[in-house]
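Chemist: Just so it is clear, I am handing over upload.tsv, which has TSV, C-alpha atoms.
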chain	number	residue	atom	x	y	z
A	25	MET	CA	0.00	0.00	0.00
A	26	LYS	CA	2.82	2.41	0.88
A	27	ASN	CA	4.56	1.78	-2.44
A	28	HIS	CA	1.30	2.15	-4.37
A	29	VAL	CA	0.56	5.50	-2.71
A	30	ALA	CA	4.11	6.69	-3.40
A	31	ALA	CA	3.82	5.69	-7.01
A	32	THR	CA	0.46	7.45	-7.32
A	33	LEU	CA	1.88	10.65	-5.80
A	34	PHE	CA	4.88	10.49	-8.14
A	35	CYS	CA	2.60	10.14	-11.15
A	36	ALA	CA	0.50	13.03	-9.88
A	37	CYS	CA	3.57	15.25	-9.65
A	38	LEU	CA	4.59	14.31	-13.17
A	39	CYS	CA	1.13	14.96	-14.47
A	40	LEU	CA	0.84	18.35	-12.78
A	41	SER	CA	4.13	19.41	-14.31
A	42	MET	CA	2.91	18.29	-17.70
A	43	LEU	CA	-0.61	19.79	-17.23
A	44	THR	CA	-2.16	16.51	-18.36
A	45	GLY	CA	-4.15	13.79	-16.68
A	46	CYS	CA	-2.38	10.77	-15.25
A	47	VAL	CA	-3.97	8.32	-17.64
A	48	HIS	CA	-3.03	6.30	-20.68
A	49	ARG	CA	-2.31	8.80	-23.44
A	50	PRO	CA	-3.51	7.38	-26.77
A	51	ALA	CA	-1.43	7.54	-29.89
A	52	PRO	CA	-1.56	10.96	-31.57
A	53	THR	CA	-4.22	11.57	-34.19
A	54	PRO	CA	-2.67	11.07	-37.63
A	55	ALA	CA	-1.10	14.34	-38.70
A	56	THR	CA	-1.10	15.85	-42.12
A	57	ASN	CA	2.67	16.27	-42.06
A	58	SER	CA	5.70	14.15	-41.13
A	59	THR	CA	6.12	15.57	-37.61
A	60	GLN	CA	3.84	13.00	-35.93
A	61	ILE	CA	5.43	11.62	-32.72
A	62	PRO	CA	5.20	7.82	-32.48
A	63	THR	CA	3.87	6.20	-29.29
A	64	LEU	CA	6.39	3.98	-27.53
A	65	ALA	CA	5.97	1.35	-24.79
A	66	PRO	CA	4.34	2.89	-21.70
A	67	LEU	CA	5.93	3.69	-18.35
A	68	THR	CA	4.37	2.44	-15.11
A	69	VAL	CA	5.91	3.65	-11.85
A	70	MET	CA	5.50	1.05	-9.10
A	71	ASP	CA	7.61	2.69	-6.37
A	72	GLY	CA	7.66	6.47	-6.55
A	73	ALA	CA	10.51	7.07	-4.10
A	74	ASP	CA	12.85	4.56	-5.73
A	75	PHE	CA	11.93	5.76	-9.20
A	76	ALA	CA	12.71	9.37	-8.26
A	77	VAL	CA	16.24	8.35	-7.20
A	78	PHE	CA	16.65	6.23	-10.33
A	79	ALA	CA	15.45	9.04	-12.60
A	80	LYS	CA	17.91	11.50	-11.06
A	81	ARG	CA	20.90	9.18	-11.43
A	82	PHE	CA	19.99	7.89	-14.89
A	83	LEU	CA	18.43	10.98	-16.48
A	84	PRO	CA	20.89	11.10	-19.44
A	85	GLU	CA	20.18	7.43	-20.23
A	86	LEU	CA	16.45	7.87	-19.80
A	87	THR	CA	16.39	10.85	-22.17
A	88	LYS	CA	18.46	8.93	-24.71
A	89	ARG	CA	15.98	6.07	-24.52
A	90	ASN	CA	13.00	8.47	-24.95
A	91	ILE	CA	11.53	7.60	-21.55
A	92	LEU	CA	12.01	10.98	-19.85
A	93	VAL	CA	12.99	14.45	-21.02
A	94	GLN	CA	15.56	16.78	-19.46
A	95	ASP	CA	13.22	18.16	-16.78
A	96	GLY	CA	12.52	14.62	-15.54
A	97	THR	CA	8.99	14.29	-16.91
A	98	PRO	CA	7.92	11.57	-19.39
A	99	ALA	CA	8.86	12.03	-23.03
A	100	PRO	CA	5.91	13.00	-25.29
A	101	GLN	CA	6.00	9.63	-27.04
A	102	THR	CA	6.00	7.60	-23.79
A	103	PRO	CA	2.53	7.12	-22.27
A	104	ILE	CA	2.08	6.93	-18.50
A	105	LEU	CA	0.02	4.01	-17.22
A	106	LEU	CA	-1.18	3.72	-13.64
A	107	HIS	CA	-0.70	0.25	-12.20
A	108	GLY	CA	-3.90	-1.77	-12.30
A	109	THR	CA	-5.62	0.23	-15.02
A	110	THR	CA	-4.47	-1.57	-18.15
A	111	THR	CA	-1.72	-3.75	-19.57
A	112	PRO	CA	-0.16	-3.47	-23.04
A	113	ALA	CA	-1.40	-6.18	-25.40
A	114	GLY	CA	0.57	-9.40	-25.08
A	115	GLU	CA	2.49	-8.35	-21.95
A	116	TYR	CA	2.87	-10.89	-19.16
A	117	GLN	CA	1.51	-9.61	-15.86
A	118	PRO	CA	1.81	-12.00	-12.90
A	119	LYS	CA	-0.59	-12.04	-9.97
A	120	SER	CA	2.45	-11.39	-7.78
A	121	TYR	CA	5.73	-9.97	-9.06
A	122	GLY	CA	7.23	-10.86	-5.68
A	123	LYS	CA	6.29	-14.51	-6.10
A	124	ASP	CA	7.85	-14.59	-9.58
A	125	LEU	CA	11.04	-13.07	-8.20
A	126	TYR	CA	11.14	-15.71	-5.47
A	127	ASP	CA	10.46	-18.67	-7.78
A	128	ARG	CA	12.16	-17.64	-11.01
A	129	LEU	CA	14.83	-14.96	-10.57
A	130	SER	CA	18.31	-16.38	-11.13
A	131	LEU	CA	20.76	-15.30	-8.42
A	132	ARG	CA	23.55	-15.28	-11.01
A	133	PHE	CA	23.72	-11.48	-10.80
A	134	MET	CA	25.27	-11.88	-7.31
A	135	TRP	CA	27.99	-14.30	-8.37
A	136	SER	CA	31.63	-13.83	-9.25
A	137	ALA	CA	32.82	-14.30	-12.83
A	138	GLU	CA	34.09	-17.80	-12.05
A	139	GLU	CA	30.74	-18.89	-10.62
A	140	ARG	CA	28.85	-17.35	-13.53
A	141	ALA	CA	31.04	-19.24	-16.00
A	142	ASN	CA	31.09	-22.60	-14.22
A	143	VAL	CA	27.67	-23.04	-12.59
A	144	ILE	CA	25.23	-24.21	-15.24
A	145	GLU	CA	22.10	-24.96	-13.19
A	146	ALA	CA	20.04	-21.91	-12.29
A	147	VAL	CA	19.75	-21.05	-8.60
A	148	THR	CA	16.77	-19.10	-7.29
A	149	HIS	CA	15.65	-18.27	-3.77
A	150	SER	CA	12.99	-20.98	-3.99
A	151	SER	CA	15.50	-23.64	-5.11
A	152	MET	CA	17.94	-23.01	-2.26
A	153	PRO	CA	17.80	-25.31	0.77
A	154	SER	CA	15.61	-23.77	3.45
A	155	THR	CA	17.50	-22.59	6.53
A	156	GLY	CA	14.49	-21.33	8.42
A	157	GLU	CA	14.22	-18.03	6.60
A	158	ALA	CA	11.06	-15.95	6.85
A	159	LEU	CA	9.34	-14.77	3.67
A	160	ASN	CA	7.23	-11.71	2.97
A	161	ILE	CA	5.83	-11.82	-0.55
A	162	ASN	CA	3.30	-9.36	-1.92
A	163	GLU	CA	2.22	-8.06	-5.28
A	164	SER	CA	5.35	-6.03	-6.06
A	165	SER	CA	8.03	-6.98	-3.52
A	166	LEU	CA	9.87	-9.87	-1.92
A	167	VAL	CA	11.64	-9.97	1.44
A	168	VAL	CA	13.73	-12.99	2.46
A	169	VAL	CA	14.87	-12.83	6.08
A	170	GLY	CA	17.67	-15.30	6.84
A	171	GLU	CA	19.87	-15.98	9.82
A	172	PHE	CA	22.68	-13.72	8.67
A	173	SER	CA	21.07	-11.28	6.23
A	174	THR	CA	17.89	-9.92	4.69
A	175	ASP	CA	17.33	-9.77	0.92
A	176	ILE	CA	14.79	-7.19	-0.26
A	177	TYR	CA	13.47	-6.93	-3.82
A	178	THR	CA	11.22	-4.05	-4.90
A	179	LEU	CA	9.66	-3.62	-8.33
A	180	VAL	CA	10.44	0.01	-9.18
A	181	ALA	CA	8.93	0.41	-12.64
A	182	LEU	CA	7.80	-1.26	-15.85
A	183	LEU	CA	9.52	0.40	-18.80
A	184	ASP	CA	11.13	-0.31	-22.15
A	185	TRP	CA	14.77	-0.04	-21.05
A	186	ASN	CA	16.08	-2.23	-23.88
A	187	GLN	CA	14.24	-0.23	-26.57
A	188	ASP	CA	12.76	-3.29	-28.22
A	189	GLY	CA	9.10	-2.33	-27.85
A	190	LYS	CA	8.60	-4.61	-24.83
A	191	ARG	CA	8.49	-3.52	-21.21
A	192	ASP	CA	11.18	-4.71	-18.81
A	193	TRP	CA	11.06	-5.02	-15.03
A	194	LEU	CA	13.19	-2.53	-13.12
A	195	VAL	CA	13.94	-4.01	-9.70
A	196	ARG	CA	15.90	-2.68	-6.72
A	197	TYR	CA	17.67	-5.41	-4.73
A	198	ARG	CA	18.91	-4.55	-1.23
A	199	PHE	CA	21.19	-6.68	0.93
A	200	LYS	CA	21.18	-6.00	4.67
A	201	PRO	CA	23.50	-8.00	6.97
A	202	SER	CA	22.01	-9.10	10.27
A	203	VAL	CA	25.00	-7.69	12.12
A	204	GLU	CA	25.71	-3.97	12.23
A	205	ALA	CA	27.51	-3.71	8.93
A	206	PRO	CA	27.09	-1.51	5.83
A	207	SER	CA	24.39	-2.57	3.38
A	208	SER	CA	24.49	-2.62	-0.40
A	209	SER	CA	22.04	-2.58	-3.26
A	210	ARG	CA	21.77	-3.42	-6.95
A	211	LEU	CA	19.47	-1.99	-9.59
A	212	LEU	CA	18.37	-4.78	-11.91
A	213	VAL	CA	16.79	-4.88	-15.35
A	214	ILE	CA	14.89	-8.09	-16.14
A	215	PRO	CA	14.18	-8.11	-19.89
A	216	ALA	CA	10.49	-8.54	-20.89
A	217	PRO	CA	9.62	-11.58	-18.71
A	218	GLN	CA	7.47	-14.36	-20.13
A	219	PRO	CA	5.11	-16.63	-18.15
A	220	GLU	CA	7.63	-19.47	-17.86
A	221	GLY	CA	11.37	-19.96	-17.49
A	222	ILE	CA	14.18	-18.53	-15.41
A	223	LEU	CA	14.48	-14.75	-15.15
A	224	GLU	CA	18.00	-13.42	-15.72
A	225	ALA	CA	18.82	-9.91	-14.49
A	226	GLU	CA	21.41	-7.38	-15.62
A	227	VAL	CA	22.89	-5.07	-13.00
A	228	ILE	CA	22.86	-1.45	-14.17
A	229	GLU	CA	23.81	0.13	-10.82
A	230	ALA	CA	25.63	-1.03	-7.69
A	231	VAL	CA	25.49	0.99	-4.49
A	232	GLU	CA	28.09	0.16	-1.85
A	233	CYS	CA	27.90	1.69	1.61
A	234	THR	CA	30.57	2.19	4.26
A	235	GLU	CA	30.57	4.05	7.54
A	236	GLU	CA	31.53	7.17	5.59
A	237	GLY	CA	28.54	6.95	3.25
A	238	CYS	CA	27.27	5.30	0.09
A	239	LYS	CA	28.64	5.41	-3.46
A	240	SER	CA	26.86	4.58	-6.70
A	241	TYR	CA	28.63	2.68	-9.50
A	242	THR	CA	27.31	2.48	-13.06
A	243	GLY	CA	28.62	1.76	-16.56
A	244	SER	CA	32.37	1.19	-16.72
A	245	GLY	CA	32.60	1.33	-12.92
A	246	LEU	CA	30.51	-1.81	-12.42
A	247	PRO	CA	33.07	-4.56	-13.28
A	248	GLU	CA	35.38	-3.50	-10.47
A	249	VAL	CA	32.57	-3.71	-7.91
A	250	LEU	CA	30.81	-6.82	-9.25
A	251	GLY	CA	33.86	-8.83	-10.28
A	252	TYR	CA	32.43	-9.31	-13.77
A	253	ASP	CA	31.14	-7.22	-16.65
A	254	PRO	CA	27.31	-7.26	-16.43
A	255	SER	CA	26.95	-6.33	-20.10
A	256	VAL	CA	28.65	-9.59	-21.19
A	257	ALA	CA	26.72	-12.87	-21.44
A	258	PRO	CA	27.53	-15.26	-18.54
A	259	SER	CA	29.20	-17.86	-20.77
A	260	LYS	CA	31.56	-15.19	-22.07
A	261	THR	CA	32.16	-13.31	-18.82
A	262	ALA	CA	35.82	-12.60	-18.16
A	263	ILE	CA	37.20	-12.57	-14.64
A	264	VAL	CA	38.04	-9.09	-13.40
A	265	GLN	CA	41.36	-9.08	-11.57
Please render this file's structure as C-alpha cells.
Modeler:
Amino acid sequence: MKNHVAATLFCACLCLSMLTGCVHRPAPTPATNSTQIPTLAPLTVMDGADFAVFAKRFLPELTKRNILVQDGTPAPQTPILLHGTTTPAGEYQPKSYGKDLYDRLSLRFMWSAEERANVIEAVTHSSMPSTGEALNINESSLVVVGEFSTDIYTLVALLDWNQDGKRDWLVRYRFKPSVEAPSSSRLLVIPAPQPEGILEAEVIEAVECTEEGCKSYTGSGLPEVLGYDPSVAPSKTAIVQ
C-alpha cells in the first residue's frame, strides 16, 4: 500500500508538471505532415521514491531512450500508465511480481565471474535449501529474512529499457547484513519476462555503503565492484582481476 501510494503521488507530480491527466495517453491523431510523434511502450511507476532516485541518477540514459525528457517528466511519445488500469497487449503480468522473483529470478547477478562461467544450473531463492528463513511476498516486492542477512526486492517500474518495444522489469535489490555492517544494493533490469522460465537480471547500478557513506557505480565502474562485466553474457564473462 505504501509503495502504491508513493507511485500514485509520483505520477500526480509528473502529471501536474505536464498539465495533463495521469492516464493512458492514446497515440496521436494522424497528422497531415511528417512531424507525428510515435507512441512507444508505456511507463508504469510502481515505487515512486525509488523511481525518483533512479530518474535523477539515470536521467541522461532515460532521455536517450526516450523515456524521460531533461526536466525529468515523461517524453511526449512515452505514455504513463497507472498500475492496475491496463496492460499493453501481449504483456505478461503475474498475480504477484514478488512470487515470480522468489520462484524464477536467477541469483547469477550476485555471483563472481568464475561462478557465472562454471555453474550451469540456475539457482533461485525458492530452489535453495531452506534454513528457516522468513518470507514476505506481496504483489510487487519480496523480502527474504535469513539468519545472517535480509534480501529485499522491490519492483520500481515497468519500462522499455532495452528499446525493443517490450516492457522490462526494473527491480531494486537490497542486501542487509544481520549484524551492524554496511548494506548494499543493486538496480536490476529483467528483460520482458514471459510466463515461464528462469528470469535473468542485468545489474545497471551497484550501491556500496561504508561508515563514511554510500557510493553509486554504473557503466564502466561496475566490473570492479561486481567482479564481472554485467553487459557480457555469462558464458563469455571474463574474470576481473
Chemist: What does the distance between CA of Thr102 (chain A) and CA of Phe82 (chain A) come to in Å, to one decimal place?
Modeler: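 Separating CA of Thr102 (chain A) from CA of Phe82 (chain A) is a distance of 16.6 Å.
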Chemist: Considering all atoms listed in the file, return as a count of residues only whatever protein or nucleic-acid residues lie within 12 Å of region 109-116 of chain A, sequence-local ones (same chain, fewer than 5 positions apart) excluded.
Modeler: 28
Chemist: If we count all atoms listed in the file and set the cut-off at 7 Å, which residues sit around Thr242 (chain A), ignoring sequence neighbours fewer than 5 positions away in its own chain? Please answer as a list in words.
Modeler: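 Contacts, with the query itself left out: Ile228, Glu229 and Ala230 of chain A.
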Chemist: Atoms to include: C-alpha atoms. Write the selected residues as a short mmCIF file (atom, residue, chain, number, x, y, z; two decimals), in the frame of the given file.
Modeler:
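Output file again-v7.cif is given in full below:
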data_model
loop_
_atom_site.label_atom_id
_atom_site.label_comp_id
_atom_site.auth_asym_id
_atom_site.auth_seq_id
_atom_site.Cartn_x
_atom_site.Cartn_y
_atom_site.Cartn_z
CA ILE A 228 22.86 -1.45 -14.17
CA GLU A 229 23.81 0.13 -10.82
CA ALA A 230 25.63 -1.03 -7.69
#
Chemist: What is the CA of Ala73 (chain A)-CA of Tyr197 (chain A) distance in Å, reported with one decimal?
Modeler: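 Separation of CA of Ala73 (chain A) and CA of Tyr197 (chain A): 14.4 Å.
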Chemist: Find, counting all atoms listed in the file, the residue in A:Glu163, A:Glu157, A:Glu236, A:Glu138 that gets nearest to Leu179 (chain A).
Modeler: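 Nearest to Leu179 (chain A): A:Glu163.
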Chemist: Between CA of Val167 (chain A) and CA of Lys239 (chain A), measure the distance and give it in Å to one decimal.
Modeler: 23.4 Å
Chemist: Can you list, as a list in words, every protein, DNA or RNA residue that comes within 7 Å of region 204-210 of chain A when you count only C-alpha atoms, leaving out same-chain residues fewer than 5 positions away?
Modeler: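 Listing them by chain and then by number gives Arg196, Tyr197, Arg198, Phe199, Val227, Glu229, Ala230, Val231, Glu232, Cys233, Thr234 and Glu235 of chain A.
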Chemist: Would you please work out which residue, of A:Thr148, A:Ser255, A:Ser154, A:Gln101, is nearest to Gly243 (chain A) when using all atoms listed in the file?
Modeler: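 Among A:Thr148, A:Ser255, A:Ser154, A:Gln101, it is A:Ser255 that comes nearest to Gly243 (chain A).
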Chemist: What are the centre and edge lengths in Å, to one decimal, of the axis-aligned box around all listed atoms of region 206-215 of chain A with 3 Å added on each side, as JSON?
Modeler:
{"center_x": 20.6, "center_y": -4.8, "center_z": -7.0, "size_x": 18.9, "size_y": 12.6, "size_z": 31.7}
Chemist: Restricting the calculation to all atoms listed in the file, which member of A:Tyr126, A:Asn142, A:Pro153, A:Pro254 is positioned closest to Asp175 (chain A)?
Modeler: A:Tyr126
Chemist: Could I get region 119-141 of chain A rebuilt with N, CA, C and O atoms, written as a PDB file, in the frame of the given file?
Modeler:
ATOM      1  N   LYS A 119       0.239 -12.430 -11.099  1.00  0.00           N
ATOM      2  CA  LYS A 119      -0.590 -12.040  -9.970  1.00  0.00           C
ATOM      3  C   LYS A 119       0.278 -11.418  -8.877  1.00  0.00           C
ATOM      4  O   LYS A 119      -0.158 -10.518  -8.159  1.00  0.00           O
ATOM      5  N   SER A 120       1.513 -11.915  -8.763  1.00  0.00           N
ATOM      6  CA  SER A 120       2.450 -11.390  -7.780  1.00  0.00           C
ATOM      7  C   SER A 120       3.845 -11.331  -8.387  1.00  0.00           C
ATOM      8  O   SER A 120       4.431 -12.377  -8.676  1.00  0.00           O
ATOM      9  N   TYR A 121       4.357 -10.124  -8.576  1.00  0.00           N
ATOM     10  CA  TYR A 121       5.730  -9.970  -9.060  1.00  0.00           C
ATOM     11  C   TYR A 121       6.696 -10.539  -8.021  1.00  0.00           C
ATOM     12  O   TYR A 121       7.717 -11.134  -8.366  1.00  0.00           O
ATOM     13  N   GLY A 122       6.378 -10.341  -6.741  1.00  0.00           N
ATOM     14  CA  GLY A 122       7.230 -10.860  -5.680  1.00  0.00           C
ATOM     15  C   GLY A 122       7.358 -12.363  -5.733  1.00  0.00           C
ATOM     16  O   GLY A 122       8.449 -12.911  -5.531  1.00  0.00           O
ATOM     17  N   LYS A 123       6.260 -13.057  -6.017  1.00  0.00           N
ATOM     18  CA  LYS A 123       6.290 -14.510  -6.100  1.00  0.00           C
ATOM     19  C   LYS A 123       7.129 -14.958  -7.290  1.00  0.00           C
ATOM     20  O   LYS A 123       7.891 -15.942  -7.200  1.00  0.00           O
ATOM     21  N   ASP A 124       7.022 -14.266  -8.415  1.00  0.00           N
ATOM     22  CA  ASP A 124       7.850 -14.590  -9.580  1.00  0.00           C
ATOM     23  C   ASP A 124       9.325 -14.392  -9.273  1.00  0.00           C
ATOM     24  O   ASP A 124      10.163 -15.197  -9.684  1.00  0.00           O
ATOM     25  N   LEU A 125       9.650 -13.317  -8.561  1.00  0.00           N
ATOM     26  CA  LEU A 125      11.040 -13.070  -8.200  1.00  0.00           C
ATOM     27  C   LEU A 125      11.562 -14.176  -7.280  1.00  0.00           C
ATOM     28  O   LEU A 125      12.711 -14.609  -7.399  1.00  0.00           O
ATOM     29  N   TYR A 126      10.731 -14.651  -6.384  1.00  0.00           N
ATOM     30  CA  TYR A 126      11.140 -15.710  -5.470  1.00  0.00           C
ATOM     31  C   TYR A 126      11.345 -17.039  -6.209  1.00  0.00           C
ATOM     32  O   TYR A 126      12.337 -17.736  -5.989  1.00  0.00           O
ATOM     33  N   ASP A 127      10.417 -17.371  -7.095  1.00  0.00           N
ATOM     34  CA  ASP A 127      10.460 -18.670  -7.780  1.00  0.00           C
ATOM     35  C   ASP A 127      11.391 -18.708  -8.980  1.00  0.00           C
ATOM     36  O   ASP A 127      11.992 -19.751  -9.265  1.00  0.00           O
ATOM     37  N   ARG A 128      11.554 -17.576  -9.675  1.00  0.00           N
ATOM     38  CA  ARG A 128      12.160 -17.640 -11.010  1.00  0.00           C
ATOM     39  C   ARG A 128      13.401 -16.790 -11.222  1.00  0.00           C
ATOM     40  O   ARG A 128      14.116 -16.988 -12.213  1.00  0.00           O
ATOM     41  N   LEU A 129      13.689 -15.836 -10.338  1.00  0.00           N
ATOM     42  CA  LEU A 129      14.830 -14.960 -10.570  1.00  0.00           C
ATOM     43  C   LEU A 129      16.139 -15.689 -10.286  1.00  0.00           C
ATOM     44  O   LEU A 129      16.398 -16.115  -9.149  1.00  0.00           O
ATOM     45  N   SER A 130      16.989 -15.791 -11.300  1.00  0.00           N
ATOM     46  CA  SER A 130      18.310 -16.380 -11.130  1.00  0.00           C
ATOM     47  C   SER A 130      19.157 -15.464 -10.244  1.00  0.00           C
ATOM     48  O   SER A 130      19.162 -14.247 -10.422  1.00  0.00           O
ATOM     49  N   LEU A 131      19.889 -16.078  -9.306  1.00  0.00           N
ATOM     50  CA  LEU A 131      20.760 -15.300  -8.420  1.00  0.00           C
ATOM     51  C   LEU A 131      22.145 -15.126  -9.024  1.00  0.00           C
ATOM     52  O   LEU A 131      23.077 -14.696  -8.344  1.00  0.00           O
ATOM     53  N   ARG A 132      22.272 -15.408 -10.304  1.00  0.00           N
ATOM     54  CA  ARG A 132      23.550 -15.280 -11.010  1.00  0.00           C
ATOM     55  C   ARG A 132      24.112 -13.866 -10.920  1.00  0.00           C
ATOM     56  O   ARG A 132      25.327 -13.664 -10.941  1.00  0.00           O
ATOM     57  N   PHE A 133      23.242 -12.868 -10.831  1.00  0.00           N
ATOM     58  CA  PHE A 133      23.720 -11.480 -10.800  1.00  0.00           C
ATOM     59  C   PHE A 133      24.576 -11.201  -9.568  1.00  0.00           C
ATOM     60  O   PHE A 133      25.324 -10.230  -9.530  1.00  0.00           O
ATOM     61  N   MET A 134      24.482 -12.067  -8.531  1.00  0.00           N
ATOM     62  CA  MET A 134      25.270 -11.880  -7.310  1.00  0.00           C
ATOM     63  C   MET A 134      26.638 -12.562  -7.392  1.00  0.00           C
ATOM     64  O   MET A 134      27.502 -12.299  -6.569  1.00  0.00           O
ATOM     65  N   TRP A 135      26.817 -13.433  -8.366  1.00  0.00           N
ATOM     66  CA  TRP A 135      27.990 -14.300  -8.370  1.00  0.00           C
ATOM     67  C   TRP A 135      29.224 -13.645  -8.957  1.00  0.00           C
ATOM     68  O   TRP A 135      29.137 -12.682  -9.728  1.00  0.00           O
ATOM     69  N   SER A 136      30.369 -14.242  -8.639  1.00  0.00           N
ATOM     70  CA  SER A 136      31.630 -13.830  -9.250  1.00  0.00           C
ATOM     71  C   SER A 136      31.687 -14.332 -10.687  1.00  0.00           C
ATOM     72  O   SER A 136      30.849 -15.143 -11.112  1.00  0.00           O
ATOM     73  N   ALA A 137      32.674 -13.875 -11.438  1.00  0.00           N
ATOM     74  CA  ALA A 137      32.820 -14.300 -12.830  1.00  0.00           C
ATOM     75  C   ALA A 137      33.043 -15.806 -12.927  1.00  0.00           C
ATOM     76  O   ALA A 137      32.522 -16.459 -13.840  1.00  0.00           O
ATOM     77  N   GLU A 138      33.819 -16.356 -12.022  1.00  0.00           N
ATOM     78  CA  GLU A 138      34.090 -17.800 -12.050  1.00  0.00           C
ATOM     79  C   GLU A 138      32.808 -18.597 -11.840  1.00  0.00           C
ATOM     80  O   GLU A 138      32.548 -19.577 -12.554  1.00  0.00           O
ATOM     81  N   GLU A 139      32.005 -18.191 -10.883  1.00  0.00           N
ATOM     82  CA  GLU A 139      30.740 -18.890 -10.620  1.00  0.00           C
ATOM     83  C   GLU A 139      29.797 -18.747 -11.814  1.00  0.00           C
ATOM     84  O   GLU A 139      29.131 -19.715 -12.208  1.00  0.00           O
ATOM     85  N   ARG A 140      29.744 -17.573 -12.384  1.00  0.00           N
ATOM     86  CA  ARG A 140      28.850 -17.350 -13.530  1.00  0.00           C
ATOM     87  C   ARG A 140      29.257 -18.221 -14.714  1.00  0.00           C
ATOM     88  O   ARG A 140      28.408 -18.673 -15.485  1.00  0.00           O
ATOM     89  N   ALA A 141      30.557 -18.445 -14.865  1.00  0.00           N
ATOM     90  CA  ALA A 141      31.040 -19.240 -16.000  1.00  0.00           C
ATOM     91  C   ALA A 141      30.909 -20.738 -15.770  1.00  0.00           C
ATOM     92  O   ALA A 141      30.713 -21.499 -16.720  1.00  0.00           O
TER      93      ALA A 141
END
